Amino acid sequence: MSLSSADLSAIWLTLKLASLTTVILLIVGTPIALWLSRTRSWLRGPVGAIVALPLVLPPTVIGFYLLLALGPHGYLGQLTQSLGLGTLTFSFAGLVIGSVLYSMPFVVQPLQNAFSSIGTRPLEVAATLRANPWDTFFSVILPLARPGFITAAILGFAHTVGEFGVVLMIGGNIPEKTRVVSVQIYDHVEAMEYAQAHWLAGAMLVFSFVVLLALYSSRKTKAGWS
Amino acid sequence: MTIRASRFAPTCLASLLAVFAFGSAQADEVQVAVAANFTAPIQAIAADFEKDTGHKLVASFGATGQFYTQIKNGAPFEVFLSADDSTPKKLEAEGDSVKGSRFTYAVGTLALWSAKEGYVDAKGDVLKKNEYQHLSIANPKAAPYGLAATQVLAREGLTDKVKDKIVEGQNISQAYQFVSTGNAELGFVALSQIYKDGKITSGSAWIVPASLHDPIKQDAVILNKGKDNPAAKALVDYLKGPKAAAVIKSYGYEI
Amino acid sequence: MIQMRLKLRYSGFALDVDLQVPGRGVTALYGHSGSGKTTCLRCIAGLERAEQGFVQVNDEVWQDSDNRIFVAPHKRALGYVFQEASLFPHLSVLANLAFGLKRIPKPQRRVDMAHATELLGIGHLLDRHPQHLSGGERQRVGIARALLTSPKLLLMDEPLAALDAQRKGEILPYLQRLHDELDIPVLYVSHSQDEVARLADHIVLLSNGKALASGPIGQTLARLDLPLAMGDDAGVVIEGRVSAYDADYQLLSLQLPDTTLNIRVPHTPLDAGQALRCKVQARDVSLSLDNTGQSSILNRLPVTVVSEMSADNAAHVLIRLDAAGTPLLARITRYSRDQLNIHPGQPLWAQIKAVAVLA
């Protein structure tokens with residue numbers, strides 16, 4: 001027995017979800033991490049704590065609140081409805097939102113650490129060499145923070161692949177839309193289809209390990225600052 | 001001094017033992033795995049059960065399939081109230097339960113429910129009109145009510161029409177959640193979740209006629225772990241009794 | 001001309017200066033650590049923002065808080081050399097040098113790669129990465145990198161402070177060359193009198209966030225009312241011009257500015273007319289009433305006494321002298337002062353035992 005087409009589509013859906021979530025988080029998380037690493041405003045504490053919440057909250061808590069918020073009576077649900085998008089529960093888009101919230105600290109924190117460790121001197125140097133803030137970001141901050149970006153991408157991706165609680169709460173288990181691998185495995189176990197559960201879980205384990213191995217091996221050690 | 005103590009000692013000891021034995025005979029605990037759809041009725045029954053017998057009922061709620069796996073892997077449940085009859089049959093066949101203890105404690109009724117008043121008509125035509133975005137059911141692979149829901153849809157010839165609108169909850173509680181939060185406009189839930197004392201408690205519903213699906217016979221069984229627990233036996237007896245029957249019926253089940 | 005009016009407060013420190021310094025040559029910002037010299041420099045660069053500030057460099061206004069003008073640092077035509085080179089670790093030396101250069105539009109480039117690398121002697125280092133350079137090499141790359149932005153003002157923040165004596169000695173000649181060959185005004189922060197003496201044309205003395213003095217190097221170093229004159233190495237800087245060379249005795253004659261007075265110094269031959277800077281320390285100058293005695297001291301100049309101040313110990317005093325427009329300091333004992341009856345306006349002869357050439 002091997003992977004059924006339902007299993008394969010669950011895998012493909014999971015990879016899509018994890019990739020899209022990681023890309024969104026890198027784009028959204030970078031300005032947040034940059035701000036957190038450099039601001040001296042009193043808001044730093046509260047914002048940092050909010051970003052870190054998914055580290056301590058059970059995923060079902062996030063999922064539960066999302067279920068309410070995305071529904072027709074919730075803030076997000078009313079917003080999406082007024083934009084003509086209907087409600088996002090039971091949709092891939094809803095899962096992306098959930099995954100972005102759930103995996104945020106795993107992307108923001110490594111980025112924040114990388115930006116902090118760069119310090120202010122390189123930025124000052126770049127300014128005295130005629131680089132405006134955007135220019136400085138792309139030519140100095142990004143290259144120096146590269147290891148942080150790689151870590152953030154690895155963690156964000158891996159964490160989303162493993163997501164279960166949030167998907168369970170708002171997914172609705174729809175094939176090819178919200179039936180991700182973790183839910184599919186759960187279903188196999190529920191229906192006592194243990195052999196299939198083994199195949200699917202085993203495949204995901206091997207895949208994840210290979211991806212992580214490749215990414216961790218490619219990280220160079222950070223150049224010293226002189 | 002010593003002689004007197006030794007003469008009284010046996011009596012003291014006997015009294016002490018009697019106190020302990022008497023005490024334990026009075027108040028035992030029974031660990032019960034309860035199908036999610038029976039949550040409300042069992043909580044009502046547990047209160048009466050404790051009052052009448054002195055035994056304490058400790059209940060865990062969840063999906064039948066999940067309980068099966070846990071029981072097979074050594075979960076400490078002593079009595080199992082399933083949402084179907086096939087799972088207890090399986091446990092019996094596999095030697096995980098006390099032979100002869102299996103009985104049907106309730107027959108479930110399916111309901112098509114919406115949290116919105118007036119959304120679902122009394123004949124369930126809203127289902128055929130197909131104007132909704134999401135129809136919530138429990139996972140048919142794991143929950144009998146979900147299976148029954150798919151049978152109803154097949155019987156009404158709606159399976160293909162509503163295929164893209166189905167959202168599955170992992171168990172009947174989650175199916176209910178989707179509807180109660182408004183994320184699904186309507187869904188197939190257990191009548192017991194929305195019914196009390198002859199009335200629908202909120203929203204609007206169609207009580208699905210039993211002819212449209214295979215009967216949802218909910219069986220209970222004493223598991224091996226509960227073999228020697230007098231509280232387990234007491235619970236099973238209680239469930240067969242008149243007081244429990246009244247409670248069960250009031251939640252929309254048949255006996 | 002460079003104008004700066006800066007007011008800035010931190011906890012425990014306040015900067016309050018109002019200065020005008022020449023828009024050409026090297027101006028030193030000199031003082032102890034904590035005196036505010038680096039803060040001053042950073043304010044001029046725009047890396048720190050004075051609460052109330054006015055900064056104008058020649059004809060460009062970089063800050064004017066009364067009119068809400070603040071030009072961002074990356075828009076100011078300046079070059080900045082930090083104390084610890086601060087080269088980008090992810091770029092090679094060549095890429096570091098090119099970083100500023102390529103952000104200057106071609107028509108505005110006045111310093112090119114070849115010129116800068118030659119000036120600082122780093123042509124052989126271009127392929128290396130900063131981690132593989134010595135401290136002195138890194139600093140030279142840092143200076144070249146700043147120059148390659150063709151700045152209108154070069155700011156240097158204690159560029160030699162992080163180097164040991166040997167490295168300092170390596171770089172000083174390059175800095176002196178910069179001074180001689182480029183036309184870019186320099187603001188040079190330092191707490192080393194020696195560096196300042198060698199490089200500066202103009203000096204600003206800072207203490208506790210305030211400017212105590214601002215003036216040409218020769219005049220200011222000789223001022224007795226400043227803490228500059230305190231300490232064992234009190235002295236003056238003299239800018240002389242080569243007037244003659246005695247090949248037989250290997251003595252160079254230097255003419256003092258605006259006068260026919262000459263001093264002679266053992267040296268290798270140099271072309272006539274070349275400028276040469278020297279330092280004469282107060283402890284190397286003695287005084288006599290007349291010039292009759294035969295002595296081995298090479299340089300004897302007619303001077304007039306200007307004023308007197310106590311020296312760093314109770315037995316000595318510092319006498320400020322005027323040698324036809326060039327100030328001199330002499331450190332003598334109080335006993336001698338009383339013996340010779342030294343008083344302002346008195347004509348004397350100054351005997352200079354040693355002249356240190358700063359080239």
# chains A, B, ... in the order shown; residues from 1 in each chain; ligands from 1
call {"tool": "residues_around", "arguments": {"residues": "Val189 (chain A)", "least_positions_apart": "3", "cutoff": "10 Å", "atoms": "only C-alpha atoms", "output": "NGL selection string"}}
result
(:A and (183-186 or 192-198)) or (:B and (65-66 or 69 or 142))
call {"tool": "write_last_selection", "arguments": {"atoms": "N, CA and C atoms", "output": "short mmCIF file (atom, residue, chain, number, x, y, z; two decimals), in the first residue's frame"}}
result
data_model
loop_
_atom_site.label_atom_id
_atom_site.label_comp_id
_atom_site.auth_asym_id
_atom_site.auth_seq_id
_atom_site.Cartn_x
_atom_site.Cartn_y
_atom_site.Cartn_z
N VAL A 183 -4.21 16.83 9.25
CA VAL A 183 -5.61 16.43 9.42
C VAL A 183 -5.85 15.08 8.75
N GLN A 184 -5.23 14.88 7.59
CA GLN A 184 -5.42 13.63 6.86
C GLN A 184 -4.92 12.45 7.68
N ILE A 185 -3.77 12.64 8.32
CA ILE A 185 -3.23 11.57 9.16
C ILE A 185 -4.19 11.29 10.31
N TYR A 186 -4.67 12.36 10.91
CA TYR A 186 -5.62 12.25 12.02
C TYR A 186 -6.86 11.46 11.59
N MET A 192 -9.28 4.23 11.71
CA MET A 192 -8.51 3.01 11.92
C MET A 192 -7.78 2.53 10.68
N GLU A 193 -7.45 3.46 9.79
CA GLU A 193 -6.67 3.08 8.60
C GLU A 193 -5.20 3.29 8.92
N TYR A 194 -4.68 2.44 9.79
CA TYR A 194 -3.35 2.66 10.33
C TYR A 194 -2.25 2.58 9.29
N ALA A 195 -2.40 1.66 8.36
CA ALA A 195 -1.34 1.51 7.35
C ALA A 195 -1.19 2.80 6.56
N GLN A 196 -2.31 3.38 6.16
CA GLN A 196 -2.23 4.63 5.41
C GLN A 196 -1.64 5.74 6.25
N ALA A 197 -2.02 5.73 7.54
CA ALA A 197 -1.47 6.75 8.43
C ALA A 197 0.05 6.63 8.48
N HIS A 198 0.55 5.41 8.56
CA HIS A 198 2.00 5.20 8.59
C HIS A 198 2.66 5.75 7.34
N GLY B 65 -14.38 7.19 17.12
CA GLY B 65 -13.19 6.59 16.54
C GLY B 65 -11.97 6.85 17.41
N GLN B 66 -11.88 8.06 17.91
CA GLN B 66 -10.76 8.43 18.78
C GLN B 66 -10.75 7.57 20.04
N THR B 69 -9.40 4.06 19.44
CA THR B 69 -7.94 4.00 19.40
C THR B 69 -7.34 4.10 20.80
N ALA B 142 -15.66 8.94 10.81
CA ALA B 142 -15.40 8.76 12.24
C ALA B 142 -16.64 8.92 13.11
#
call {"tool": "interface_residues", "arguments": {"of": "chain C", "to": "chain A", "cutoff": "6 Å", "atoms": "only C-alpha atoms", "output": "list in words"}}
result
Pro73, His74, Ser86, Pro89 and Gly100 of chain C
call {"tool": "write_last_selection", "arguments": {"atoms": "C-alpha atoms", "output": "compact mmCIF listing (two decimals), in the first residue's frame"}}
result
# COMPACT_ATOMS: atom_id res chain seq x y z
CA PRO C 73 23.08 62.30 6.42
CA HIS C 74 22.99 60.40 3.16
CA SER C 86 33.94 49.77 10.24
CA PRO C 89 32.39 42.42 6.37
CA GLY C 100 30.34 55.17 -1.90
call {"tool": "residues_around", "arguments": {"residues": "region 183-187 of chain B", "least_positions_apart": "5", "cutoff": "6 Å", "atoms": "only C-alpha atoms", "output": "number ranges by chain"}}
result
A: 71; B: 112-114, 134-137, 178
call {"tool": "residues_around", "arguments": {"residues": "Pro347 (chain C)", "least_positions_apart": "5", "cutoff": "9 Å", "atoms": "only C-alpha atoms", "output": "PyMOL selection string"}}
result
chain C and resi 289+302-305
call {"tool": "write_last_selection", "arguments": {"atoms": "N, CA and C atoms", "output": "PDB file, in the first residue's frame"}}
result
ATOM      1  N   LEU C 289      69.674  87.247  28.698  1.00  0.00           N
ATOM      2  CA  LEU C 289      69.537  88.690  28.510  1.00  0.00           C
ATOM      3  C   LEU C 289      70.269  89.174  27.265  1.00  0.00           C
ATOM      4  N   PRO C 302      65.945  86.707  18.784  1.00  0.00           N
ATOM      5  CA  PRO C 302      65.529  87.859  19.585  1.00  0.00           C
ATOM      6  C   PRO C 302      64.022  87.814  19.777  1.00  0.00           C
ATOM      7  N   VAL C 303      63.574  87.934  21.033  1.00  0.00           N
ATOM      8  CA  VAL C 303      62.143  87.840  21.335  1.00  0.00           C
ATOM      9  C   VAL C 303      61.732  88.941  22.289  1.00  0.00           C
ATOM     10  N   THR C 304      60.431  89.133  22.401  1.00  0.00           N
ATOM     11  CA  THR C 304      59.888  90.042  23.391  1.00  0.00           C
ATOM     12  C   THR C 304      58.978  89.258  24.317  1.00  0.00           C
ATOM     13  N   VAL C 305      59.077  89.553  25.624  1.00  0.00           N
ATOM     14  CA  VAL C 305      58.224  88.842  26.579  1.00  0.00           C
ATOM     15  C   VAL C 305      56.794  89.336  26.433  1.00  0.00           C
TER      16      VAL C 305
END
call {"tool": "select_by_dssp", "arguments": {"residues": "region 4-229 of chain B", "states": "helix (DSSP H, G or I)", "output": "JSON, numbers by chain"}}
result
{"B": [4, 5, 6, 7, 8, 9, 10, 11, 12, 13, 14, 15, 16, 17, 18, 19, 20, 21, 22, 23, 24, 25, 26, 36, 37, 38, 39, 40, 41, 42, 43, 44, 45, 46, 47, 48, 49, 50, 51, 52, 53, 64, 65, 66, 67, 68, 69, 70, 71, 72, 86, 87, 88, 89, 90, 91, 92, 93, 125, 126, 127, 128, 129, 144, 145, 146, 147, 148, 149, 150, 151, 152, 153, 154, 155, 159, 160, 161, 162, 163, 164, 165, 172, 173, 174, 175, 176, 177, 178, 179, 180, 191, 192, 193, 210, 211, 212, 224, 225, 226]}
call {"tool": "residues_around", "arguments": {"residues": "region 114-119 of chain A", "least_positions_apart": "5", "cutoff": "8 Å", "atoms": "only C-alpha atoms", "output": "list in words"}}
result
Ala33, Leu34, Ser37, Arg38, Ile141, Leu144, Ala145, Pro147 and Gly148 of chain A
call {"tool": "atom_distance", "arguments": {"atom1": "CA of Gln131 (chain C)", "atom2": "CA of Phe88 (chain C)"}}
result
9.8 Å
call {"tool": "residues_around", "arguments": {"residues": "Leu212 (chain C)", "least_positions_apart": "2", "cutoff": "10 Å", "atoms": "only C-alpha atoms", "output": "list in words"}}
result
Val17, Gly31, Val204, Leu205, Leu206, Ser207, Asn208, Gly209, Lys210, Ser214, Asp225, Leu226 and Pro227 of chain C
call {"tool": "interface_residues", "arguments": {"of": "chain B", "to": "chain A", "cutoff": "12 Å", "atoms": "only C-alpha atoms", "output": "ChimeraX atom specification"}}
result
/B:62-70,72,87,90,115-116,132-144,163-171,173-185
call {"tool": "residues_around", "arguments": {"residues": "Val141 (chain C)", "least_positions_apart": "5", "cutoff": "9 Å", "atoms": "only C-alpha atoms", "output": "VMD selection string"}}
result
chain C and resid 85 87 93 96 to 97 117 120 122 125 136 146
call {"tool": "select_by_dssp", "arguments": {"residues": "region 7-245 of chain B", "states": "strand (DSSP E or B)", "output": "PyMOL selection string"}}
result
chain B and resi 29-35+56-62+79-81+97+103-108+110-114+135-138+166-169+186-190+195-196+199-200+204-207+216-223
call {"tool": "atom_distance", "arguments": {"atom1": "CA of Pro266 (chain C)", "atom2": "CA of Ala244 (chain C)"}}
result
12.0 Å
call {"tool": "atom_distance", "arguments": {"atom1": "CA of Leu20 (chain A)", "atom2": "CA of Gly202 (chain A)"}}
result
23.4 Å
call {"tool": "closest_residue", "arguments": {"among": "C:Gly135, C:Gly79, C:Gly273, C:Pro327", "to": "Ile217 (chain C)", "atoms": "only C-alpha atoms"}}
result
C:Pro327
